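File shown: run.txt. Contents: compact mmCIF, C-alpha atoms.
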# COMPACT_ATOMS: atom_id res chain seq x y z
CA MET A 1 0.00 0.00 0.00
CA HIS A 2 1.07 3.58 -0.57
CA LYS A 3 2.58 5.60 2.28
CA LEU A 4 0.19 8.29 3.51
CA LEU A 5 1.67 11.10 5.55
CA ALA A 6 -1.40 12.45 7.24
CA CYS A 7 -2.83 14.25 10.22
CA SER A 8 -6.25 12.73 9.84
CA SER A 9 -6.27 14.61 6.57
CA LEU A 10 -3.13 14.39 4.53
CA ALA A 11 -0.42 17.02 4.83
CA ALA A 12 1.12 17.82 1.47
CA ALA A 13 4.54 17.90 3.08
CA ALA A 14 6.03 17.36 6.50
CA VAL A 15 6.66 21.08 6.92
CA VAL A 16 2.95 21.90 6.60
CA ALA A 17 1.29 22.49 9.97
CA PRO A 18 -1.14 19.63 10.70
CA VAL A 19 -4.84 20.35 10.32
CA LEU A 20 -6.54 17.74 12.47
CA ARG A 21 -9.85 16.56 11.05
CA ALA A 22 -11.95 13.88 12.65
CA ASP A 23 -15.02 13.36 10.48
CA TYR A 24 -13.69 14.69 7.22
CA PRO A 25 -12.02 12.37 6.51
CA VAL A 26 -12.54 9.13 8.41
CA ALA A 27 -9.82 6.45 8.07
CA SER A 28 -7.42 8.91 6.45
CA HIS A 29 -4.71 6.29 5.95
CA ARG A 30 -6.74 4.61 3.17
CA TYR A 31 -8.56 5.57 -0.01
CA LEU A 32 -12.13 4.32 0.45
CA ALA A 33 -15.47 5.23 -1.14
CA ASP A 34 -19.16 4.36 -1.66
CA PRO A 35 -19.86 3.69 2.02
CA THR A 36 -22.71 1.50 3.24
CA PRO A 37 -23.45 1.09 6.97
CA LEU A 38 -24.39 -2.01 8.92
CA VAL A 39 -25.54 -1.21 12.46
CA THR A 40 -25.35 -3.70 15.32
CA ALA A 41 -26.23 -3.13 18.98
CA ASP A 42 -22.86 -1.64 19.90
CA ARG A 43 -20.95 -0.98 16.67
CA VAL A 44 -21.35 0.53 13.20
CA TYR A 45 -19.59 -1.29 10.36
CA VAL A 46 -19.05 0.68 7.15
CA TYR A 47 -18.23 -1.29 4.00
CA CYS A 48 -16.45 0.57 1.23
CA SER A 49 -15.19 0.35 -2.32
CA ASN A 50 -11.41 0.13 -2.04
CA ASP A 51 -9.63 2.78 -4.11
CA ASP A 52 -6.19 1.82 -2.77
CA GLU A 53 -5.55 -0.39 -5.79
CA SER A 54 -6.99 1.85 -8.51
CA PRO A 55 -4.42 3.40 -10.86
CA VAL A 56 -3.89 6.99 -9.75
CA GLU A 57 -4.31 8.39 -13.26
CA GLY A 58 -6.12 5.40 -14.78
CA SER A 59 -9.60 4.16 -13.91
CA TYR A 60 -11.45 2.43 -11.09
CA ASN A 61 -10.12 -1.00 -10.21
CA ILE A 62 -11.88 -1.80 -6.91
CA PRO A 63 -11.31 -5.56 -6.70
CA ASN A 64 -12.21 -5.84 -3.02
CA ILE A 65 -14.34 -4.46 -0.18
CA VAL A 66 -12.78 -2.89 2.92
CA CYS A 67 -14.60 -2.63 6.25
CA ILE A 68 -14.07 -0.03 8.97
CA SER A 69 -16.04 0.22 12.22
CA THR A 70 -16.61 2.33 15.31
CA THR A 71 -18.33 2.18 18.67
CA ASP A 72 -18.11 5.90 19.46
CA MET A 73 -18.27 7.64 16.02
CA LYS A 74 -14.77 9.08 16.50
CA ASN A 75 -12.24 6.26 16.78
CA TRP A 76 -12.36 3.86 13.83
CA THR A 77 -10.97 0.34 13.40
CA ASP A 78 -9.59 -0.80 10.03
CA HIS A 79 -10.67 -4.43 9.45
CA GLY A 80 -8.97 -4.53 6.06
CA SER A 81 -10.25 -6.37 3.01
CA VAL A 82 -13.22 -8.59 3.89
CA PHE A 83 -14.08 -9.81 0.38
CA ARG A 84 -12.14 -10.00 -2.90
CA ALA A 85 -14.22 -11.14 -5.85
CA SER A 86 -11.35 -12.54 -7.91
CA ASP A 87 -10.30 -14.78 -5.00
CA SER A 88 -13.76 -15.80 -3.79
CA THR A 89 -15.82 -16.16 -6.97
CA THR A 90 -15.37 -17.80 -10.37
CA TRP A 91 -17.29 -15.12 -12.28
CA ALA A 92 -16.63 -11.64 -10.79
CA THR A 93 -13.54 -9.42 -10.76
CA LYS A 94 -14.91 -6.18 -9.28
CA THR A 95 -16.70 -5.24 -6.07
CA TRP A 96 -18.15 -1.78 -6.64
CA ALA A 97 -20.23 0.10 -4.05
CA PRO A 98 -21.29 -2.65 -1.63
CA GLY A 99 -24.55 -2.92 0.27
CA ALA A 100 -24.64 -4.75 3.60
CA ILE A 101 -27.24 -6.21 5.95
CA GLU A 102 -27.64 -8.80 8.73
CA ARG A 103 -30.34 -11.43 8.96
CA ASP A 104 -30.79 -14.53 11.14
CA GLY A 105 -27.23 -14.33 12.43
CA LYS A 106 -25.70 -14.09 8.94
CA PHE A 107 -24.14 -11.07 7.25
CA PHE A 108 -24.66 -10.32 3.57
CA LEU A 109 -22.69 -8.15 1.16
CA TYR A 110 -24.15 -7.15 -2.22
CA TYR A 111 -21.83 -5.60 -4.80
CA GLY A 112 -21.61 -4.50 -8.41
CA ASN A 113 -19.29 -6.46 -10.68
CA SER A 114 -18.50 -3.19 -12.45
CA GLY A 115 -21.85 -2.23 -14.03
CA ALA A 116 -22.50 -5.63 -15.53
CA ASN A 117 -24.24 -7.56 -12.77
CA ILE A 118 -24.75 -7.76 -9.00
CA GLY A 119 -23.43 -10.46 -6.70
CA VAL A 120 -23.93 -11.46 -3.09
CA ALA A 121 -21.56 -12.83 -0.44
CA VAL A 122 -22.36 -14.21 3.02
CA ALA A 123 -20.41 -14.53 6.28
CA PRO A 124 -20.95 -15.64 9.89
CA SER A 125 -19.62 -12.32 11.24
CA PRO A 126 -19.51 -8.69 10.07
CA ILE A 127 -15.83 -9.00 9.15
CA GLY A 128 -16.03 -12.33 7.39
CA PRO A 129 -14.95 -14.63 6.06
CA PHE A 130 -17.36 -13.80 3.21
CA THR A 131 -18.01 -16.49 0.61
CA ASP A 132 -19.98 -16.71 -2.65
CA PRO A 133 -23.15 -18.76 -1.96
CA LEU A 134 -24.50 -18.80 -5.53
CA GLY A 135 -21.51 -19.26 -7.80
CA LYS A 136 -23.13 -16.76 -10.17
CA PRO A 137 -24.64 -13.26 -10.13
CA LEU A 138 -27.79 -12.56 -8.15
CA ILE A 139 -29.01 -10.00 -10.72
CA GLU A 140 -28.11 -9.65 -14.41
CA HIS A 141 -29.37 -7.57 -17.31
CA HIS A 142 -31.57 -10.44 -18.46
CA THR A 143 -33.10 -10.97 -14.99
CA PRO A 144 -36.88 -10.64 -15.49
CA GLY A 145 -37.99 -7.05 -14.94
CA VAL A 146 -34.62 -5.35 -15.37
CA GLN A 147 -35.24 -4.53 -19.03
CA PRO A 148 -36.21 -2.54 -20.95
CA ALA A 149 -33.71 0.09 -19.85
CA LYS A 150 -31.61 2.63 -21.73
CA ASP A 151 -27.89 2.44 -20.92
CA MET A 152 -28.60 0.82 -17.56
CA TRP A 153 -25.81 0.61 -14.96
CA LEU A 154 -26.44 -2.53 -12.96
CA PHE A 155 -24.74 -1.66 -9.68
CA ASP A 156 -24.94 0.24 -6.35
CA PRO A 157 -27.17 -2.21 -4.46
CA GLY A 158 -28.88 -0.89 -1.33
CA VAL A 159 -30.63 -3.44 0.88
CA PHE A 160 -33.46 -2.83 3.34
CA ILE A 161 -35.55 -5.08 5.62
CA ASP A 162 -38.98 -3.70 6.47
CA ASP A 163 -40.73 -3.98 9.84
CA ASP A 164 -42.82 -6.89 8.53
CA GLY A 165 -39.67 -8.86 7.67
CA GLN A 166 -39.81 -8.37 3.90
CA ALA A 167 -36.39 -7.60 2.41
CA TYR A 168 -35.78 -5.42 -0.65
CA ILE A 169 -32.78 -4.70 -2.85
CA TYR A 170 -32.64 -1.35 -4.70
CA PHE A 171 -30.17 -0.78 -7.53
CA GLY A 172 -29.55 0.71 -10.98
CA GLY A 173 -28.12 3.85 -12.50
CA ASN A 174 -27.83 6.37 -15.32
CA GLY A 175 -31.40 7.51 -15.94
CA ASP A 176 -34.64 8.56 -14.24
CA ASP A 177 -36.31 5.34 -15.37
CA ASN A 178 -33.37 3.11 -14.40
CA VAL A 179 -34.26 2.67 -10.73
CA ARG A 180 -34.97 -0.96 -9.90
CA VAL A 181 -36.13 -2.82 -6.79
CA ALA A 182 -36.71 -6.50 -6.08
CA LYS A 183 -38.01 -8.44 -3.13
CA LEU A 184 -35.64 -10.92 -1.51
CA LYS A 185 -36.66 -14.20 0.06
CA ARG A 186 -35.80 -14.95 3.69
CA ASP A 187 -32.48 -16.53 2.65
CA MET A 188 -31.41 -13.10 1.24
CA ILE A 189 -29.79 -14.75 -1.78
CA THR A 190 -32.91 -15.45 -3.84
CA LEU A 191 -35.15 -12.95 -5.61
CA ASP A 192 -38.83 -13.19 -4.72
CA GLY A 193 -40.58 -12.41 -8.00
CA GLU A 194 -39.65 -10.16 -10.90
CA VAL A 195 -37.65 -6.97 -10.63
CA ILE A 196 -39.88 -3.89 -10.28
CA LYS A 197 -39.34 -0.56 -12.06
CA MET A 198 -39.20 2.75 -10.19
CA ASN A 199 -38.54 6.34 -11.25
CA ALA A 200 -36.62 9.18 -9.60
CA PRO A 201 -35.97 12.66 -11.04
CA ASN A 202 -32.35 13.15 -12.10
CA PHE A 203 -31.44 9.64 -10.92
CA PHE A 204 -27.78 8.79 -11.44
CA GLU A 205 -26.65 6.19 -8.87
CA ALA A 206 -26.35 5.24 -5.16
CA ALA A 207 -29.92 4.09 -4.43
CA TRP A 208 -30.58 3.90 -0.69
CA VAL A 209 -33.70 3.37 1.46
CA ASN A 210 -34.24 3.93 5.16
CA LYS A 211 -37.43 4.15 7.22
CA ARG A 212 -38.40 6.58 9.98
CA HIS A 213 -41.76 6.92 11.77
CA GLY A 214 -43.48 4.81 9.13
CA VAL A 215 -42.12 6.88 6.22
CA TYR A 216 -39.83 5.38 3.55
CA TYR A 217 -36.98 7.62 2.40
CA PHE A 218 -35.46 6.82 -1.00
CA SER A 219 -32.24 8.79 -1.48
CA TYR A 220 -29.83 8.84 -4.41
CA SER A 221 -27.11 10.73 -6.23
CA THR A 222 -28.28 13.04 -8.99
CA THR A 223 -26.83 13.45 -12.48
CA PRO A 224 -23.92 15.80 -13.23
CA ARG A 225 -26.42 18.17 -14.88
CA ALA A 226 -28.29 18.33 -11.54
CA GLY A 227 -25.08 18.95 -9.59
CA MET A 228 -24.43 15.42 -8.28
CA ARG A 229 -26.37 16.28 -5.15
CA PHE A 230 -27.92 13.67 -2.89
CA ASP A 231 -31.71 14.01 -3.28
CA TYR A 232 -34.59 12.12 -1.69
CA MET A 233 -38.20 11.09 -2.11
CA THR A 234 -40.67 9.77 0.47
CA SER A 235 -43.58 7.35 0.45
CA ASP A 236 -45.79 5.32 2.76
CA HIS A 237 -44.90 2.22 0.72
CA PRO A 238 -41.41 0.72 0.08
CA ILE A 239 -41.85 0.40 -3.71
CA GLU A 240 -44.48 2.83 -5.00
CA GLY A 241 -45.98 6.24 -4.38
CA TYR A 242 -42.72 8.14 -3.89
CA VAL A 243 -42.89 11.94 -4.02
CA TYR A 244 -39.82 14.12 -4.51
CA ARG A 245 -38.97 16.04 -1.32
CA GLY A 246 -35.69 17.83 -1.88
CA VAL A 247 -31.97 17.69 -1.15
CA VAL A 248 -30.23 15.61 1.51
CA SER A 249 -26.84 17.14 0.76
CA ASP A 250 -25.19 19.25 -1.90
CA GLN A 251 -22.08 18.12 -3.75
CA PRO A 252 -19.54 17.57 -0.92
CA PRO A 253 -16.62 19.96 -0.52
CA ILE A 254 -13.33 18.89 -2.08
CA ASN A 255 -15.10 16.33 -4.22
CA ASN A 256 -16.31 17.77 -7.54
CA ASN A 257 -17.12 14.30 -8.83
CA ASN A 258 -19.36 11.30 -8.13
CA HIS A 259 -21.30 11.41 -4.87
CA HIS A 260 -22.32 8.33 -2.89
CA ALA A 261 -23.92 8.41 0.55
CA ALA A 262 -26.19 6.57 2.98
CA GLN A 263 -28.24 7.41 6.08
CA PHE A 264 -28.35 5.33 9.26
CA LYS A 265 -29.37 5.49 12.93
CA PHE A 266 -27.06 4.50 15.79
CA LYS A 267 -27.78 4.87 19.50
CA GLY A 268 -30.60 7.32 18.93
CA ARG A 269 -28.83 9.59 16.44
CA TRP A 270 -29.02 9.74 12.64
CA TYR A 271 -25.93 10.00 10.44
CA HIS A 272 -25.01 10.70 6.81
CA VAL A 273 -21.90 8.85 5.61
CA TYR A 274 -20.39 9.81 2.26
CA HIS A 275 -17.10 10.25 0.42
CA ASN A 276 -15.04 13.17 -0.82
CA ARG A 277 -11.46 13.57 -2.06
CA ILE A 278 -9.61 15.66 0.52
CA VAL A 279 -6.88 13.09 1.24
CA ALA A 280 -5.80 12.85 -2.39
CA SER A 281 -6.19 16.61 -2.82
CA GLU A 282 -3.84 17.36 0.07
CA ALA A 283 -1.46 14.64 -1.13
CA GLY A 284 -1.13 16.53 -4.39
CA ILE A 285 -2.17 13.57 -6.56
CA PRO A 286 -5.03 13.28 -9.09
CA THR A 287 -8.25 12.95 -7.15
CA GLY A 288 -10.46 11.19 -9.70
CA TYR A 289 -9.81 7.66 -8.49
CA ARG A 290 -8.73 8.29 -4.89
CA ARG A 291 -11.65 8.93 -2.54
CA ASN A 292 -12.02 8.92 1.25
CA ILE A 293 -14.83 8.47 3.78
CA ALA A 294 -16.51 11.32 5.66
CA LEU A 295 -19.36 11.56 8.16
CA GLU A 296 -21.98 14.04 9.39
CA GLU A 297 -24.93 13.95 11.74
CA LEU A 298 -28.33 13.97 9.99
CA HIS A 299 -31.36 15.87 11.29
CA TYR A 300 -35.07 15.64 10.52
CA GLU A 301 -37.52 18.51 10.81
CA ASP A 302 -40.80 18.18 12.70
CA ASP A 303 -42.68 17.57 9.44
CA GLY A 304 -40.43 14.60 8.60
CA SER A 305 -38.38 16.41 5.97
CA ILE A 306 -34.60 16.12 6.03
CA ARG A 307 -32.64 19.18 7.05
CA LYS A 308 -29.99 19.60 4.37
CA VAL A 309 -26.62 18.39 5.60
CA THR A 310 -24.10 21.03 6.63
CA PHE A 311 -20.59 19.80 5.93
CA THR A 312 -18.06 20.16 8.74
CA THR A 313 -14.54 18.93 9.47
CA ASP A 314 -15.29 17.90 13.06
CA GLY A 315 -19.03 18.08 13.51
CA VAL A 316 -19.89 14.66 14.91
CA SER A 317 -20.06 14.20 18.67
CA GLN A 318 -18.35 11.27 20.35
CA ILE A 319 -20.69 8.70 21.89
CA GLY A 320 -19.15 7.69 25.22
CA HIS A 321 -15.43 7.33 25.80
CA LEU A 322 -12.81 4.82 24.76
CA ASP A 323 -11.81 2.33 27.47
CA PRO A 324 -8.01 1.94 27.48
CA PHE A 325 -8.11 -0.85 30.07
CA VAL A 326 -9.31 -3.42 27.54
CA ARG A 327 -7.43 -4.62 24.49
CA VAL A 328 -7.45 -1.99 21.73
CA GLU A 329 -6.46 -3.01 18.23
CA ALA A 330 -3.57 -0.83 17.04
CA GLU A 331 -5.39 -0.15 13.77
CA THR A 332 -8.02 1.76 15.79
CA PHE A 333 -7.56 5.53 15.80
CA ASN A 334 -9.15 8.88 15.07
CA ALA A 335 -6.29 10.56 13.25
CA GLN A 336 -2.80 9.60 12.15
CA ARG A 337 0.45 10.61 10.57
CA GLY A 338 2.28 8.23 8.26
CA VAL A 339 0.83 4.90 9.38
CA GLU A 340 -0.19 2.00 7.20
CA THR A 341 -2.14 -1.15 8.03
CA ALA A 342 -1.70 -4.70 6.79
CA PRO A 343 -3.11 -8.17 7.52
CA ILE A 344 -1.56 -10.44 10.12
CA ALA A 345 -0.96 -14.07 9.23
CA GLY A 346 -3.84 -15.95 10.80
CA GLY A 347 -6.27 -13.02 10.79
CA GLY A 348 -6.62 -9.44 11.92
CA MET A 349 -4.72 -6.27 11.07
CA HIS A 350 -1.75 -4.35 12.44
CA LEU A 351 0.14 -1.09 12.06
CA THR A 352 3.09 -1.39 9.69
CA ASP A 353 5.84 0.59 7.95
CA LEU A 354 6.16 2.95 10.91
CA GLN A 355 8.84 5.61 10.60
CA ASP A 356 10.34 8.10 13.01
CA GLY A 357 7.74 10.67 14.05
CA ASP A 358 4.66 8.77 12.83
CA TRP A 359 1.74 8.69 15.26
CA VAL A 360 -1.88 7.78 15.87
CA ARG A 361 -4.42 9.74 17.89
CA LEU A 362 -7.32 8.34 19.89
CA VAL A 363 -9.82 10.86 21.19
CA GLY A 364 -11.89 10.76 24.36
CA VAL A 365 -9.83 8.11 26.18
CA ASP A 366 -11.04 7.69 29.78
CA PHE A 367 -8.12 6.89 32.08
CA GLY A 368 -10.23 7.26 35.23
CA SER A 369 -9.45 9.24 38.35
CA ASP A 370 -6.50 7.11 39.45
CA GLY A 371 -4.99 6.49 36.03
CA PRO A 372 -3.02 3.47 34.77
CA GLU A 373 0.39 2.33 35.94
CA LYS A 374 1.39 0.29 32.91
CA PHE A 375 1.17 0.28 29.12
CA ALA A 376 1.50 -3.04 27.29
CA ALA A 377 1.64 -3.78 23.56
CA ARG A 378 2.09 -6.66 21.15
CA VAL A 379 4.85 -5.81 18.67
CA ALA A 380 7.16 -7.28 16.03
CA ALA A 381 10.48 -5.99 14.64
CA ASN A 382 12.94 -7.35 12.11
CA ALA A 383 16.68 -7.57 12.71
CA GLY A 384 18.15 -4.08 12.81
CA ALA A 385 14.75 -2.51 13.51
CA GLY A 386 12.98 -1.45 16.70
CA GLY A 387 12.48 1.84 18.51
CA THR A 388 10.10 3.33 21.05
CA ILE A 389 6.43 4.07 21.53
CA GLU A 390 6.06 7.45 23.20
CA ILE A 391 2.80 7.73 25.14
CA ARG A 392 1.67 11.36 25.02
CA LEU A 393 -1.43 13.35 25.93
CA GLY A 394 -3.01 16.19 23.98
CA SER A 395 -0.72 16.34 20.94
CA PRO A 396 2.20 14.54 19.30
CA GLU A 397 4.48 16.77 21.39
CA GLY A 398 2.20 16.80 24.44
CA THR A 399 2.79 15.52 27.97
CA LEU A 400 4.95 12.39 27.92
CA VAL A 401 3.49 9.87 30.40
CA GLY A 402 5.51 6.82 29.37
CA THR A 403 8.02 5.42 26.89
CA CYS A 404 7.85 1.81 25.75
CA THR A 405 10.96 0.26 24.19
CA VAL A 406 10.42 -2.06 21.23
CA PRO A 407 13.40 -4.41 20.62
CA GLU A 408 14.11 -6.71 17.70
CA THR A 409 11.82 -9.73 17.93
CA GLY A 410 13.28 -11.86 15.16
CA GLY A 411 11.00 -10.95 12.28
CA TRP A 412 8.10 -8.86 11.07
CA GLN A 413 5.62 -11.57 12.05
CA GLU A 414 7.45 -12.72 15.18
CA TRP A 415 5.32 -11.16 17.90
CA ALA A 416 6.39 -10.29 21.44
CA ASP A 417 4.89 -8.47 24.42
CA VAL A 418 6.47 -5.25 25.65
CA ALA A 419 5.49 -2.95 28.53
CA ALA A 420 6.37 0.34 30.18
CA GLU A 421 5.51 2.29 33.32
CA VAL A 422 2.95 5.08 32.94
CA ARG A 423 2.55 8.10 35.21
CA GLY A 424 0.18 11.04 35.00
CA ALA A 425 -2.55 9.81 32.65
CA ARG A 426 -5.83 10.68 34.36
CA GLY A 427 -9.32 11.66 33.32
CA VAL A 428 -10.57 11.91 29.75
CA GLN A 429 -7.72 12.70 27.37
CA ASP A 430 -6.73 12.57 23.73
CA LEU A 431 -4.04 9.90 23.55
CA TYR A 432 -1.15 9.97 21.07
CA LEU A 433 1.06 6.97 20.44
CA LYS A 434 4.16 8.34 18.74
CA PHE A 435 6.63 5.99 17.09
CA THR A 436 10.33 6.90 17.16
CA GLY A 437 13.61 5.31 16.10
CA SER A 438 16.38 5.43 13.52
CA ALA A 439 15.54 2.42 11.33
CA GLU A 440 13.92 2.93 7.94
CA SER A 441 10.99 0.82 9.13
CA LEU A 442 10.70 0.68 12.92
CA PHE A 443 8.30 -2.07 14.02
CA HIS A 444 4.77 -3.42 13.76
CA VAL A 445 2.06 -3.05 16.43
CA ASP A 446 -0.83 -5.52 16.79
CA TYR A 447 -2.66 -4.21 19.87
CA TRP A 448 -2.17 -2.36 23.14
CA GLN A 449 -3.74 -1.96 26.58
CA PHE A 450 -3.26 0.05 29.78
CA GLU A 451 -3.26 -1.54 33.21

Just dump the structure as structure tokens.
Amino acid sequence: MHKLLACSSLAAAAVVAPVLRADYPVASHRYLADPTPLVTADRVYVYCSNDDESPVEGSYNIPNIVCISTTDMKNWTDHGSVFRASDSTTWATKTWAPGAIERDGKFFLYYGNSGANIGVAVAPSPIGPFTDPLGKPLIEHHTPGVQPAKDMWLFDPGVFIDDDGQAYIYFGGNGDDNVRVAKLKRDMITLDGEVIKMNAPNFFEAAWVNKRHGVYYFSYSTTPRAGMRFDYMTSDHPIEGYVYRGVVSDQPPINNNNHHAAQFKFKGRWYHVYHNRIVASEAGIPTGYRRNIALEELHYEDDGSIRKVTFTTDGVSQIGHLDPFVRVEAETFNAQRGVETAPIAGGGMHLTDLQDGDWVRLVGVDFGSDGPEKFAARVAANAGAGGTIEIRLGSPEGTLVGTCTVPETGGWQEWADVAAEVRGARGVQDLYLKFTGSAESLFHVDYWQFE
């Protein structure tokens, strides 16, 4: 993966003063797009098209789906690639703009194989392993009800389960009359009847449905001629009777290109997750095929209409605080400078390719009134590598409350436990783990915990 030098958003050069952004972007160490949320009781999982592997000045590649998640809407965990079509199917090579949902203890991902057809994958957990249950597409251009359609894009599936248990999949693109919806059987991998035609003014892509107070909200990205806004319609029925209501959000700042978003509710609050291109913009590279995730709170008026989203760089409130006295995966953070993530043999992710001065920030960490006495971490370092983890509060140069030495462990996947004394970390703080040393690549970090 590329090396991103970032302070939540990417600094164009090390000499540029860091501008710390929390919600704009999210997961600033990766290029991710087309977000779709899956909400569980205590965590939000967001599945994304992976732009990391797209040619910078070429076209979209997107061979796999990446998942990130949060419990507090501020600190996000990178779960890495959870499904790669070329490895897990015999018929698909792309995984554009996934849709995700849970039913009966199983987790389902729906994805566009470019614009040609739509597939489905299933897993026993939100982070996989996802497998192909059909061995073929779920929806194709010749699926009954899809045609006739002019220049139809068969992609961007959005999945919704109604209060009565009926599941629906919405999809399509590139024309007002190219909206499609189909019922899904209980198994979530079989269509229940023919595909049904819908219409939306200025419909371009990114079909999405959510329900609130008995009202169905169908939202979507509009055409370039209409500004690539995110518009919405409402109805008292999931398939028919929709009436245009207005704009969910204008074209996002630092985007000026395709717009993909979704709305979801978590712990009593509504959110609007979308993508823009600030990370690539601040990196000084072409932004067309390098997108990043962003997040805003969503508000409804008393009459049920959506208050148009106001874009901010840090407008989402943290829900609760992070507990540092339980194991925290190292690939969990709110902002970063210079870090990368990679899979661990046997499962999971870790921080990798750390260089002198790189750091991660975790916000709203509750150390309690007494504070911890010890910091422990699981690390790995090749021969000639190693360094220190500086434990700081408030900023990368803030109060130093501990220094943990990381020695050579015998290899990049040879893991060892290290620890250090901690003094002075009390109350709710922003925690910085700063990585220092003289080697070109210092060490890897799997997870950490305070005691």

Once you count only C-alpha atoms, which residues end up no further than 10 Å from (-21.6, 13.3, 22.4) in the file's frame, shown as an mmCIF file with C-alpha atoms, keeping the file's coordinate frame?
data_model
loop_
_atom_site.group_PDB
_atom_site.id
_atom_site.type_symbol
_atom_site.label_atom_id
_atom_site.label_comp_id
_atom_site.auth_asym_id
_atom_site.auth_seq_id
_atom_site.Cartn_x
_atom_site.Cartn_y
_atom_site.Cartn_z
ATOM 1 C CA ASP A 72 -18.110 5.900 19.460
ATOM 2 C CA MET A 73 -18.270 7.640 16.020
ATOM 3 C CA LYS A 74 -14.770 9.080 16.500
ATOM 4 C CA VAL A 316 -19.890 14.660 14.910
ATOM 5 C CA SER A 317 -20.060 14.200 18.670
ATOM 6 C CA GLN A 318 -18.350 11.270 20.350
ATOM 7 C CA ILE A 319 -20.690 8.700 21.890
ATOM 8 C CA GLY A 320 -19.150 7.690 25.220
ATOM 9 C CA HIS A 321 -15.430 7.330 25.800
#

Item to check | Neighbours of point (6.4, 10.3, 29.9) within 7 Å, using only C-alpha atoms, written as a ChimeraX atom specification | outcome: /A:391-392,399-403,422-423

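As for CA of Arg43 in chain A and CA of Thr70 in chain A, they are spaced 5.6 Å apart.
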
Next on the checklist: What's the separation between CA of Gly241 in chain A and CA of Asp177 in chain A, in Å to one decimal place?
Outcome noted: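 We find that CA of Gly241 in chain A and CA of Asp177 in chain A lie 14.7 Å from each other.
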
Next on the checklist: With only C-alpha atoms as the counted atoms, please give the residues lying no more than 8 Å from Glu53 in chain A, apart from itself and same-chain residues fewer than 5 positions off, as an MDAnalysis selection string.
Outcome noted: chainID A and resid 61:63

Checklist entry - Hey, what's within 8 Å of range 274-290 of chain A if we count only C-alpha atoms and toss same-chain stuff fewer than 2 positions away? As a PyMOL selection string, please? => result chain A and resi 9-12+24-25+28+31-35+51-52+54-60+252-255+257+259-262+272+292-295

Item to check | Separation of CA of Thr310 in chain A from CA of Arg245 in chain A in Å | outcome: 17.6 Å

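Ranking A:Leu442, A:Ala182, A:Ala100, A:Cys67 by their shortest atom-to-atom distance to Ile127 in chain A, with all atoms listed in the file included, puts A:Cys67 first.
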
Checklist entry - Which residues, written as an MDAnalysis selection string, have at least one atom at most 8 Å from Pro396 in chain A, with only C-alpha atoms counted and residues fewer than 5 positions away on the same chain left out? => result chainID A and resid 359 432:434

Next on the checklist: For Val39 in chain A, find every residue with an atom within 9 Å (counting all atoms listed in the file), except residues of its own chain fewer than 5 positions away, and show them as a ChimeraX atom specification.
Outcome noted: /A:44-46,101-102,264-266

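Residues in contact range of Thr93 in chain A, defined as at most 12 Å between all atoms listed in the file, with sequence neighbours fewer than 5 positions away removed, read Asn61, Ile62, Pro63, Asn64, Ile65, Phe83, Arg84, Ala85, Ser86, Asp87, Ser88, Tyr111, Gly112, Asn113, Ser114, Gly115, Ala116, Asn117, Ile118, Gly119 and Pro137 of chain A.
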